[in-house]
$ cat target11.txt   # compact mmCIF, C-alpha atoms
# COMPACT_ATOMS: atom_id res chain seq x y z
CA MET A 1 0.00 0.00 0.00
CA SER A 2 2.89 2.40 0.71
CA ALA A 3 4.21 1.81 -2.83
CA PHE A 4 0.75 2.68 -4.16
CA ARG A 5 0.56 5.83 -2.02
CA SER A 6 3.93 7.14 -3.22
CA GLY A 7 3.18 5.98 -6.79
CA TRP A 8 -0.07 7.90 -7.27
CA LYS A 9 1.37 11.04 -5.67
CA ARG A 10 4.43 10.91 -7.97
CA ALA A 11 2.23 10.32 -11.04
CA ALA A 12 -0.11 13.17 -10.03
CA GLY A 13 2.86 15.52 -9.56
CA MET A 14 4.36 14.62 -12.93
CA SER A 15 0.95 14.96 -14.59
CA GLY A 16 0.50 18.39 -13.00
CA GLY A 17 3.83 19.55 -14.44
CA LEU A 18 3.00 18.14 -17.87
CA LEU A 19 -0.46 19.73 -17.70
CA LEU A 20 1.05 23.18 -17.09
CA LEU A 21 3.45 22.75 -20.02
CA LEU A 22 0.65 21.63 -22.35
CA ALA A 23 -1.70 24.40 -21.23
CA LEU A 24 1.09 26.92 -21.85
CA ALA A 25 1.85 25.39 -25.26
CA GLY A 26 -1.86 25.48 -26.12
CA ALA A 27 -2.19 29.11 -25.05
CA VAL A 28 0.95 30.24 -26.91
CA THR A 29 0.52 28.29 -30.15
CA GLY A 30 -3.29 28.12 -30.17
CA SER A 31 -3.06 24.35 -30.71
CA ALA A 32 -6.45 22.72 -30.16
CA ARG A 33 -4.69 19.38 -29.62
CA ALA A 34 -2.41 20.61 -26.82
CA SER A 35 -5.33 22.42 -25.14
CA GLY A 36 -7.51 19.32 -25.54
CA LEU A 37 -4.84 17.07 -24.03
CA ALA A 38 -4.39 19.50 -21.12
CA ALA A 39 -8.17 19.70 -20.56
CA GLY A 40 -8.38 15.90 -20.41
CA MET A 41 -5.46 15.72 -18.00
CA VAL A 42 -7.29 17.96 -15.52
CA LEU A 43 -10.03 15.35 -15.15
CA GLY A 44 -7.47 12.51 -15.22
CA ILE A 45 -5.56 14.04 -12.32
CA VAL A 46 -8.80 14.55 -10.36
CA ASP A 47 -9.63 10.88 -10.93
CA LEU A 48 -6.14 9.67 -9.98
CA VAL A 49 -6.07 11.72 -6.77
CA GLY A 50 -9.62 10.56 -5.90
CA LEU A 51 -8.64 6.94 -6.44
CA GLY A 52 -5.41 7.39 -4.50
CA LEU A 53 -7.26 8.80 -1.50
CA ARG A 54 -10.17 6.36 -1.59
CA LEU A 55 -8.55 3.01 -2.41
CA PRO A 56 -6.87 2.63 1.02
CA LEU A 57 -10.27 3.38 2.62
CA TRP A 58 -12.10 0.89 0.39
CA ALA A 59 -9.54 -1.77 1.33
CA LYS A 60 -10.70 -1.44 4.96
CA LEU A 61 -14.43 -1.77 4.16
CA ASN A 62 -16.29 -5.04 3.86
CA GLN A 63 -16.88 -6.49 0.38
CA ARG A 64 -20.42 -5.17 -0.01
CA ALA A 65 -19.69 -1.64 1.18
CA ALA A 66 -16.55 -1.44 -0.96
CA THR A 67 -18.28 -2.52 -4.19
CA MET A 68 -21.22 -0.19 -3.54
CA SER A 69 -18.85 2.74 -2.92
CA MET A 70 -16.93 1.94 -6.11
CA ASN A 71 -20.15 1.77 -8.15
CA LEU A 72 -21.57 5.01 -6.82
CA ARG A 73 -18.24 6.78 -7.37
CA PHE A 74 -18.15 5.39 -10.90
CA LEU A 75 -21.64 6.70 -11.68
CA SER A 76 -20.84 10.14 -10.28
CA ARG A 77 -17.63 10.19 -12.33
CA LEU A 78 -19.61 9.21 -15.44
CA ALA A 79 -21.95 12.17 -14.91
CA LEU A 80 -18.97 14.48 -14.31
CA VAL A 81 -17.23 13.36 -17.52
CA GLY A 82 -20.47 13.80 -19.49
CA VAL A 83 -20.99 17.36 -18.24
CA TYR A 84 -17.29 18.20 -18.72
CA PHE A 85 -17.23 17.01 -22.33
CA TYR A 86 -20.53 18.77 -23.06
CA ALA A 87 -19.10 22.03 -21.69
CA LEU A 88 -15.89 21.61 -23.70
CA ARG A 89 -17.82 21.00 -26.93
CA ARG A 90 -20.30 23.79 -26.24
CA PHE A 91 -18.04 26.56 -24.97
CA THR A 92 -14.47 25.87 -26.21
CA GLN A 93 -12.60 25.07 -29.41
CA VAL A 94 -10.41 22.30 -27.92
CA ASN A 95 -10.02 18.98 -29.73
CA VAL A 96 -12.16 16.64 -27.59
CA PHE A 97 -10.55 13.51 -29.05
CA TRP A 98 -7.27 14.66 -27.51
CA THR A 99 -9.20 15.42 -24.32
CA LEU A 100 -10.23 11.77 -24.30
CA ALA A 101 -6.57 10.76 -24.65
CA GLY A 102 -5.58 13.24 -21.92
CA LEU A 103 -7.95 11.59 -19.44
CA PHE A 104 -5.72 8.52 -19.36
CA VAL A 105 -2.30 10.23 -19.28
CA PRO A 106 -2.05 10.41 -15.44
CA HIS A 107 -3.08 6.74 -15.18
CA ALA A 108 -0.56 5.77 -17.89
CA LEU A 109 2.16 7.69 -16.01
CA TYR A 110 1.23 5.81 -12.82
CA LEU A 111 1.44 2.50 -14.70
CA VAL A 112 4.84 3.35 -16.22
CA GLY A 113 6.08 4.49 -12.79
CA ALA A 114 4.82 1.29 -11.14
CA VAL A 115 6.54 -0.86 -13.79
CA TRP A 116 9.73 1.21 -13.37
CA GLN A 117 9.64 0.71 -9.59
CA GLN A 118 9.24 -3.04 -10.03
CA ARG A 119 12.19 -3.50 -12.40
CA GLY A 120 14.68 -6.02 -11.07
CA LYS A 121 12.21 -7.24 -8.42
CA GLY A 122 10.32 -10.52 -8.40
CA VAL A 123 6.52 -10.77 -8.45
CA ASN A 124 6.55 -10.65 -4.64
CA GLY A 125 8.52 -7.40 -4.62
CA MET B 1 -20.34 3.84 -36.46
CA ASN B 2 -23.08 4.04 -33.86
CA PHE B 3 -21.65 2.79 -30.57
CA SER B 4 -24.84 3.39 -28.58
CA LEU B 5 -27.78 1.15 -27.66
CA THR B 6 -30.14 2.52 -30.27
CA ALA B 7 -30.28 -0.17 -32.94
CA PHE B 8 -29.22 -3.70 -33.79
CA GLN B 9 -25.95 -3.65 -35.71
CA TRP B 10 -24.11 -6.41 -37.50
CA PRO B 11 -20.43 -5.48 -36.73
CA PRO B 12 -20.54 -6.08 -32.93
CA PHE B 13 -22.81 -9.10 -33.45
CA MET B 14 -20.29 -10.64 -35.88
CA THR B 15 -17.19 -9.84 -33.79
CA GLY B 16 -19.07 -11.13 -30.73
CA LEU B 17 -19.69 -14.41 -32.54
CA ILE B 18 -16.02 -14.55 -33.62
CA SER B 19 -14.95 -14.01 -29.98
CA MET B 20 -17.22 -16.83 -28.83
CA ALA B 21 -15.88 -19.10 -31.59
CA VAL B 22 -12.27 -18.36 -30.55
CA VAL B 23 -13.02 -19.20 -26.89
CA LEU B 24 -14.90 -22.36 -27.91
CA ALA B 25 -12.04 -23.44 -30.20
CA PHE B 26 -9.52 -22.78 -27.40
CA GLY B 27 -11.59 -24.88 -24.98
CA LEU B 28 -11.98 -27.74 -27.46
CA LEU B 29 -8.26 -27.69 -28.32
CA ALA B 30 -7.34 -27.72 -24.63
CA VAL B 31 -9.44 -30.81 -23.85
CA ARG B 32 -8.49 -32.68 -27.03
CA ARG B 33 -6.29 -35.66 -26.12
CA VAL B 34 -6.62 -34.77 -22.45
CA THR B 35 -4.49 -37.00 -20.26
CA ALA B 36 -3.95 -37.69 -16.56
CA GLY B 37 -0.25 -38.09 -17.33
CA VAL B 38 2.10 -35.39 -18.62
CA PRO B 39 -0.24 -32.69 -20.06
CA SER B 40 0.24 -31.03 -23.43
CA GLY B 41 0.90 -27.29 -23.64
CA MET B 42 -2.77 -26.37 -24.18
CA GLN B 43 -4.00 -28.71 -21.44
CA SER B 44 -1.36 -27.31 -19.10
CA LEU B 45 -2.44 -23.71 -19.89
CA MET B 46 -6.11 -24.53 -19.31
CA GLU B 47 -5.34 -26.36 -16.04
CA THR B 48 -3.32 -23.36 -14.83
CA MET B 49 -6.19 -21.00 -15.64
CA VAL B 50 -8.80 -23.23 -13.98
CA GLU B 51 -6.63 -23.48 -10.83
CA THR B 52 -6.06 -19.71 -10.82
CA PHE B 53 -9.79 -19.04 -10.99
CA GLN B 54 -10.52 -21.74 -8.41
CA ASP B 55 -8.21 -19.89 -5.99
CA LEU B 56 -9.62 -16.48 -6.93
CA VAL B 57 -13.27 -17.52 -6.59
CA GLY B 58 -12.55 -19.67 -3.53
CA GLN B 59 -11.33 -16.60 -1.65
CA MET B 60 -14.59 -14.69 -2.30
CA ALA B 61 -17.51 -17.07 -2.85
CA PRO B 62 -19.31 -19.33 -0.36
CA PRO B 63 -18.09 -22.97 -0.74
CA ALA B 64 -21.44 -24.12 -2.18
CA LEU B 65 -21.29 -21.52 -4.96
CA ALA B 66 -17.57 -21.74 -5.77
CA PRO B 67 -17.51 -24.68 -8.28
CA ASP B 68 -20.28 -23.19 -10.49
CA LEU B 69 -18.82 -19.73 -10.23
CA THR B 70 -15.30 -20.87 -11.16
CA LEU B 71 -16.42 -22.12 -14.57
CA LEU B 72 -18.66 -19.10 -15.18
CA SER B 73 -15.92 -16.63 -14.28
CA LEU B 74 -13.26 -18.37 -16.37
CA THR B 75 -15.55 -18.49 -19.42
CA LEU B 76 -16.55 -14.86 -18.95
CA PHE B 77 -12.94 -13.76 -18.53
CA LEU B 78 -11.75 -15.59 -21.66
CA LEU B 79 -14.66 -14.21 -23.72
CA LEU B 80 -14.00 -10.66 -22.56
CA VAL B 81 -10.24 -10.89 -23.12
CA VAL B 82 -10.78 -12.01 -26.73
CA ALA B 83 -13.60 -9.50 -27.28
CA ASN B 84 -11.53 -6.61 -25.88
CA LEU B 85 -8.36 -7.51 -27.78
CA ILE B 86 -10.04 -8.08 -31.14
CA GLY B 87 -10.42 -4.31 -31.67
CA LEU B 88 -6.68 -3.75 -31.31
CA LEU B 89 -5.92 -5.86 -34.37
CA PRO B 90 -5.01 -3.79 -37.45
CA LEU B 91 -7.69 -5.44 -39.58
CA PRO B 92 -10.59 -4.02 -41.60
CA GLY B 93 -13.99 -4.79 -40.11
CA ILE B 94 -17.11 -6.28 -41.67
CA GLY B 95 -18.86 -3.22 -43.07
CA THR B 96 -16.56 -0.91 -41.10
CA ARG B 97 -13.16 0.64 -41.74
CA TRP B 98 -11.59 -1.07 -38.73
CA LEU B 99 -12.38 -4.21 -36.78
CA HIS B 100 -14.07 -2.96 -33.60
CA SER B 101 -14.30 -4.79 -30.31
CA PRO B 102 -17.86 -5.97 -29.64
CA THR B 103 -17.43 -4.50 -26.15
CA ALA B 104 -16.87 -1.05 -27.69
CA PHE B 105 -20.60 -1.05 -28.55
CA LEU B 106 -22.79 -0.35 -25.53
CA SER B 107 -25.35 -3.01 -26.49
CA ILE B 108 -22.90 -5.91 -25.91
CA PRO B 109 -21.61 -4.91 -22.40
CA ALA B 110 -25.19 -3.93 -21.48
CA GLY B 111 -26.48 -7.34 -22.60
CA LEU B 112 -23.72 -9.09 -20.64
CA ALA B 113 -24.41 -6.94 -17.57
CA VAL B 114 -28.15 -7.72 -17.70
CA ALA B 115 -27.36 -11.45 -17.99
CA MET B 116 -25.01 -11.17 -15.01
CA PHE B 117 -27.65 -9.23 -13.04
CA ILE B 118 -30.13 -12.07 -13.60
CA LEU B 119 -27.50 -14.61 -12.52
CA ILE B 120 -26.72 -12.55 -9.41
CA GLN B 121 -30.39 -12.61 -8.42
CA TRP B 122 -30.52 -16.33 -9.25
CA ALA B 123 -27.61 -16.90 -6.84
CA GLY B 124 -29.57 -15.11 -4.12
CA ILE B 125 -32.72 -17.17 -4.73
CA LYS B 126 -30.83 -20.47 -4.99
CA TYR B 127 -28.77 -20.09 -1.84
CA LYS B 128 -31.23 -18.19 0.41
CA GLY B 129 -34.54 -19.44 -0.97
CA PHE B 130 -37.17 -17.17 -2.56
CA GLY B 131 -38.44 -15.95 0.83
CA GLY B 132 -34.92 -15.20 2.05
CA TRP B 133 -34.13 -13.35 -1.17
CA VAL B 134 -37.28 -11.17 -0.87
CA TYR B 135 -36.56 -10.64 2.85
CA GLY B 136 -33.00 -9.51 1.97
CA TRP B 137 -34.35 -7.05 -0.62
CA VAL B 138 -37.08 -5.54 1.56
CA MET B 139 -36.05 -5.87 5.22
CA LYS B 140 -32.23 -5.45 5.28
CA PRO B 141 -30.70 -3.29 6.72
CA PHE B 142 -34.00 -1.68 7.85
CA PRO B 143 -37.58 -2.77 7.08
CA VAL B 144 -39.10 -1.16 3.92
CA VAL B 145 -36.45 1.62 3.81
CA GLY B 146 -34.05 -1.20 2.94
CA LEU B 147 -35.96 -1.68 -0.32
CA VAL B 148 -34.89 1.77 -1.51
CA VAL B 149 -31.25 1.22 -0.48
CA ASN B 150 -31.17 -2.27 -1.99
CA ALA B 151 -32.84 -1.15 -5.21
CA LEU B 152 -30.20 1.56 -5.61
CA GLU B 153 -27.39 -0.87 -4.86
CA GLN B 154 -28.72 -3.60 -7.13
CA LEU B 155 -29.66 -1.43 -10.09
CA VAL B 156 -26.34 0.40 -10.03
CA MET B 157 -24.57 -2.95 -10.50
CA PRO B 158 -25.48 -3.69 -14.16
CA VAL B 159 -25.20 -0.01 -15.13
CA SER B 160 -21.70 0.34 -13.71
CA LEU B 161 -20.61 -3.05 -15.08
CA ALA B 162 -21.76 -2.13 -18.59
CA PHE B 163 -20.48 1.45 -18.70
CA ARG B 164 -17.11 0.64 -17.10
CA LEU B 165 -16.34 -1.96 -19.76
CA PHE B 166 -17.84 0.00 -22.66
CA GLY B 167 -16.18 3.30 -21.75
CA ASN B 168 -12.71 1.87 -21.29
CA ILE B 169 -12.71 -0.22 -24.45
CA LEU B 170 -14.29 2.45 -26.67
CA ALA B 171 -11.91 5.14 -25.36
CA GLY B 172 -8.94 2.81 -25.87
CA GLU B 173 -9.96 2.11 -29.46
CA LEU B 174 -10.68 5.75 -30.32
CA VAL B 175 -7.36 6.98 -28.96
CA LEU B 176 -5.50 4.14 -30.68
CA ARG B 177 -7.09 4.99 -34.05
CA MET B 178 -6.41 8.69 -33.40
CA THR B 179 -2.73 8.23 -32.58
CA THR B 180 -2.13 5.84 -35.49
CA HIS B 181 -4.30 7.57 -38.07
CA ALA B 182 -2.67 8.51 -41.42
CA PRO B 183 0.66 9.97 -40.24
CA GLN B 184 1.77 13.10 -42.10
CA GLY B 185 5.47 14.03 -42.19
CA ILE B 186 8.25 12.88 -39.89
CA ALA B 187 6.48 14.19 -36.77
CA GLY B 188 3.38 12.17 -37.68
CA VAL B 189 5.37 8.98 -38.21
CA LEU B 190 7.24 9.54 -34.93
CA THR B 191 3.87 10.06 -33.16
CA VAL B 192 2.59 6.77 -34.55
CA ILE B 193 5.74 4.89 -33.57
CA GLY B 194 6.14 6.52 -30.15
CA VAL B 195 2.70 7.44 -28.83
CA GLY B 196 0.83 4.81 -30.86
CA THR B 197 3.02 1.96 -29.65
CA LEU B 198 2.86 3.19 -26.05
CA TRP B 199 -0.92 3.45 -26.29
CA LEU B 200 -1.18 -0.03 -27.83
CA VAL B 201 0.73 -1.48 -24.85
CA PHE B 202 -1.51 0.52 -22.46
CA SER B 203 -4.63 -0.73 -24.30
CA LEU B 204 -3.43 -4.33 -24.07
CA VAL B 205 -3.08 -3.95 -20.31
CA ILE B 206 -6.43 -2.13 -20.01
CA SER B 207 -8.20 -4.83 -22.05
CA MET B 208 -6.93 -7.55 -19.70
CA ILE B 209 -7.65 -5.49 -16.58
CA GLN B 210 -11.20 -4.63 -17.67
CA ALA B 211 -11.95 -8.29 -18.45
CA LEU B 212 -10.68 -9.21 -14.98
CA ILE B 213 -12.58 -6.37 -13.27
CA PHE B 214 -15.88 -7.34 -14.95
CA THR B 215 -15.33 -10.97 -13.92
CA ILE B 216 -14.21 -10.24 -10.36
CA LEU B 217 -17.07 -7.80 -9.74
CA THR B 218 -19.59 -10.37 -11.00
CA VAL B 219 -18.10 -12.98 -8.65
CA ALA B 220 -18.16 -10.47 -5.77
CA TYR B 221 -21.80 -9.49 -6.44
CA MET B 222 -22.91 -13.13 -6.65
CA SER B 223 -21.00 -13.97 -3.46
CA ILE B 224 -22.57 -11.03 -1.62
CA GLN B 225 -26.03 -11.97 -2.89
CA ALA B 226 -25.58 -15.62 -1.84
CA SER B 227 -24.27 -14.78 1.64
CA SER B 228 -26.78 -15.09 4.47
CA GLU B 229 -25.95 -11.64 5.93
CA HIS B 230 -27.36 -9.80 2.93

$ encode --input "target11.txt" --output "structure tokens"
Amino acid sequence: MSAFRSGWKRAAGMSGGLLLLLALAGAVTGSARASGLAAGMVLGIVDLVGLGLRLPLWAKLNQRAATMSMNLRFLSRLALVGVYFYALRRFTQVNVFWTLAGLFVPHALYLVGAVWQQRGKGVNG
Amino acid sequence: MNFSLTAFQWPPFMTGLISMAVVLAFGLLAVRRVTAGVPSGMQSLMETMVETFQDLVGQMAPPALAPDLTLLSLTLFLLLVVANLIGLLPLPGIGTRWLHSPTAFLSIPAGLAVAMFILIQWAGIKYKGFGGWVYGWVMKPFPVVGLVVNALEQLVMPVSLAFRLFGNILAGELVLRMTTHAPQGIAGVLTVIGVGTLWLVFSLVISMIQALIFTILTVAYMSIQASSEH
């Protein structure tokens, strides 16, 4: 669990830095792709931080409470993503396909970081 | 393509059938010339998977439910792995530009989730009796009010199962097609090689993880439903 805690924080930090760079690039160059990627990363970071904070709590709950919490969080996240994408399409010029890709960048960074941390170790760490 | 629930479409139906055929062929190949002695490669792979799922299900499900649930979960997992991975192949589809995963169309995950929801309720009725199942729905944790809480909990299950699988697989496919679509210039080719390859690896992992999550959640829901506390 401690590896997970440090992993998601590191991935969120790196994503935050990358997000700032992309937002700056989007603002300077007017690139709809860079802005779209940055817009997606905002939601991705929110999701990663939410998961990072909640997963240790869910691990302490019983099976039924944990699955119900996960499901309700998933539905609320689904509504949030729907509203977010609607607002982006309605009020901005960003490329929403790149927003979709940006959503997963923080998670991909976490995965790469986790694999990097495990290099040279066996399956039992 | 229309990825929603609105109409019957041939592409996901066909790729769904192909996925089922692949799983069936794998199962038949694994049990062909089955032996109690030194197993062949396919038999060994199937035995390893069955044992893995026996352990996995055994840790969650009540002992009476575990044998049935092991076979269901293994079959479901294999079907979903094939169905999720099929859309990552660089092949033209039937009536479509690319071969899409059947799970990238909402109708297929929704159909699977509804089937699992019925099985979950069946597990409750089988292991608690019809009266116990109704009592669990209406009276737990509080009389009558429990019905509202349980209805919310139970109805959220198939919705979250379906949308979690559909959203992840569709998003994976869309981003893969986007990052590998008609590269222009050196930067485009480098994007395809760098980002496209990275995303393909990520999608491979996501496809496996989503198949496992769908399966494990179904096992967890059935185990919860069959337990006497619920």

$ residues_around --input "target11.txt" --residues "Ser35 of chain A" --least-positions-apart "4" --cutoff "7 Å" --atoms "only C-alpha atoms" --output "NGL selection string"
:A and (22-23 or 26 or 31 or 39 or 94)

$ closest_atom_pairs --input "target11.txt" --of "chain A" --to "chain B" --cutoff "7 Å" --atoms "all atoms listed in the file" --output "Markdown table"
| residue | atom | partner | partner_atom | distance |
| --- | --- | --- | --- | --- |
| A:Arg64 | CA | B:Ile224 | CA | 6.4 |
| A:Met68 | CA | B:Glu153 | CA | 6.3 |
| A:Asn71 | CA | B:Ser160 | CA | 5.9 |
| A:Phe74 | CA | B:Ser160 | CA | 6.8 |
| A:Leu75 | CA | B:Ser160 | CA | 6.7 |
| A:Leu100 | CA | B:Ala171 | CA | 6.9 |
| A:Ala101 | CA | B:Val175 | CA | 5.8 |

$ axis_aligned_box --input "target11.txt" --around "segment 98-101 of chain B" --padding-each-side "8 Å" --output "AutoDock Vina command-line options"
--center_x -12.9 --center_y -2.9 --center_z -34.5 --size_x 18.7 --size_y 19.7 --size_z 24.4

$ atom_distance --input "target11.txt" --atom1 "atom CA of Gly82 of chain A" --atom2 "atom CA of Leu43 of chain A"
11.4 Å

$ residues_around --input "target11.txt" --residues "Met49 of chain B" --least-positions-apart "5" --cutoff "10 Å" --atoms "all atoms listed in the file" --output "MDAnalysis selection string"
chainID B and resid 43:44 54:55 74 78

$ residues_around --input "target11.txt" --residues "Gln210 of chain B" --least-positions-apart "2" --cutoff "8 Å" --atoms "all atoms listed in the file" --output "list in words"
Arg164, Leu165, Asn168, Ile206, Ser207, Met208, Leu212, Ile213 and Phe214 of chain B

$ write_last_selection --input "target11.txt" --atoms "C-alpha atoms" --output "PDB file, in the frame of the given file"
ATOM      1  CA  ARG B 164     -17.110   0.640 -17.100  1.00  0.00           C
ATOM      2  CA  LEU B 165     -16.340  -1.960 -19.760  1.00  0.00           C
ATOM      3  CA  ASN B 168     -12.710   1.870 -21.290  1.00  0.00           C
ATOM      4  CA  ILE B 206      -6.430  -2.130 -20.010  1.00  0.00           C
ATOM      5  CA  SER B 207      -8.200  -4.830 -22.050  1.00  0.00           C
ATOM      6  CA  MET B 208      -6.930  -7.550 -19.700  1.00  0.00           C
ATOM      7  CA  LEU B 212     -10.680  -9.210 -14.980  1.00  0.00           C
ATOM      8  CA  ILE B 213     -12.580  -6.370 -13.270  1.00  0.00           C
ATOM      9  CA  PHE B 214     -15.880  -7.340 -14.950  1.00  0.00           C
TER      10      PHE B 214
END

$ atom_distance --input "target11.txt" --atom1 "atom CA of Ile216 of chain B" --atom2 "atom CA of Leu56 of chain B"
8.5 Å

$ atom_distance --input "target11.txt" --atom1 "atom CA of Met14 of chain B" --atom2 "atom CA of Pro102 of chain B"
8.2 Å

$ residues_around --input "target11.txt" --residues "Gly132 of chain B" --least-positions-apart "4" --cutoff "12 Å" --atoms "only C-alpha atoms" --output "list in words"
Gln121, Ala123, Gly124, Ile125, Lys126, Tyr127, Lys128, Gly136, Trp137, Val138, Met139, Lys140, Gln225, Ala226, Ser227, Ser228, Glu229 and His230 of chain B

$ closest_residue --input "target11.txt" --among "A:Gly52, A:Gly40, A:Gly7, A:Gly113" --to "Leu88 of chain A" --atoms "all atoms listed in the file"
A:Gly40

$ closest_residue --input "target11.txt" --among "A:Leu103, A:Arg54, A:Gly17, A:Ser2" --to "Arg73 of chain A" --atoms "all atoms listed in the file"
A:Arg54

$ residues_around --input "target11.txt" --residues "segment 99-101 of chain B" --least-positions-apart "5" --cutoff "12 Å" --atoms "all atoms listed in the file" --output "JSON, numbers by chain"
{"B": [1, 2, 3, 10, 11, 12, 13, 14, 15, 16, 17, 18, 19, 79, 80, 81, 82, 83, 84, 85, 86, 87, 88, 89, 90, 91, 92, 93, 94, 106, 107, 108, 109, 165, 166, 167, 168, 169, 170, 171, 172, 173, 174, 176, 177, 207]}

$ closest_residue --input "target11.txt" --among "A:Leu19, A:Gly44, A:Ser6, A:Ala34" --to "Pro106 of chain A" --atoms "all atoms listed in the file"
A:Gly44

$ closest_residue --input "target11.txt" --among "B:Phe53, B:Phe77, B:Phe26, B:Val148" --to "Gly41 of chain B" --atoms "all atoms listed in the file"
B:Phe26
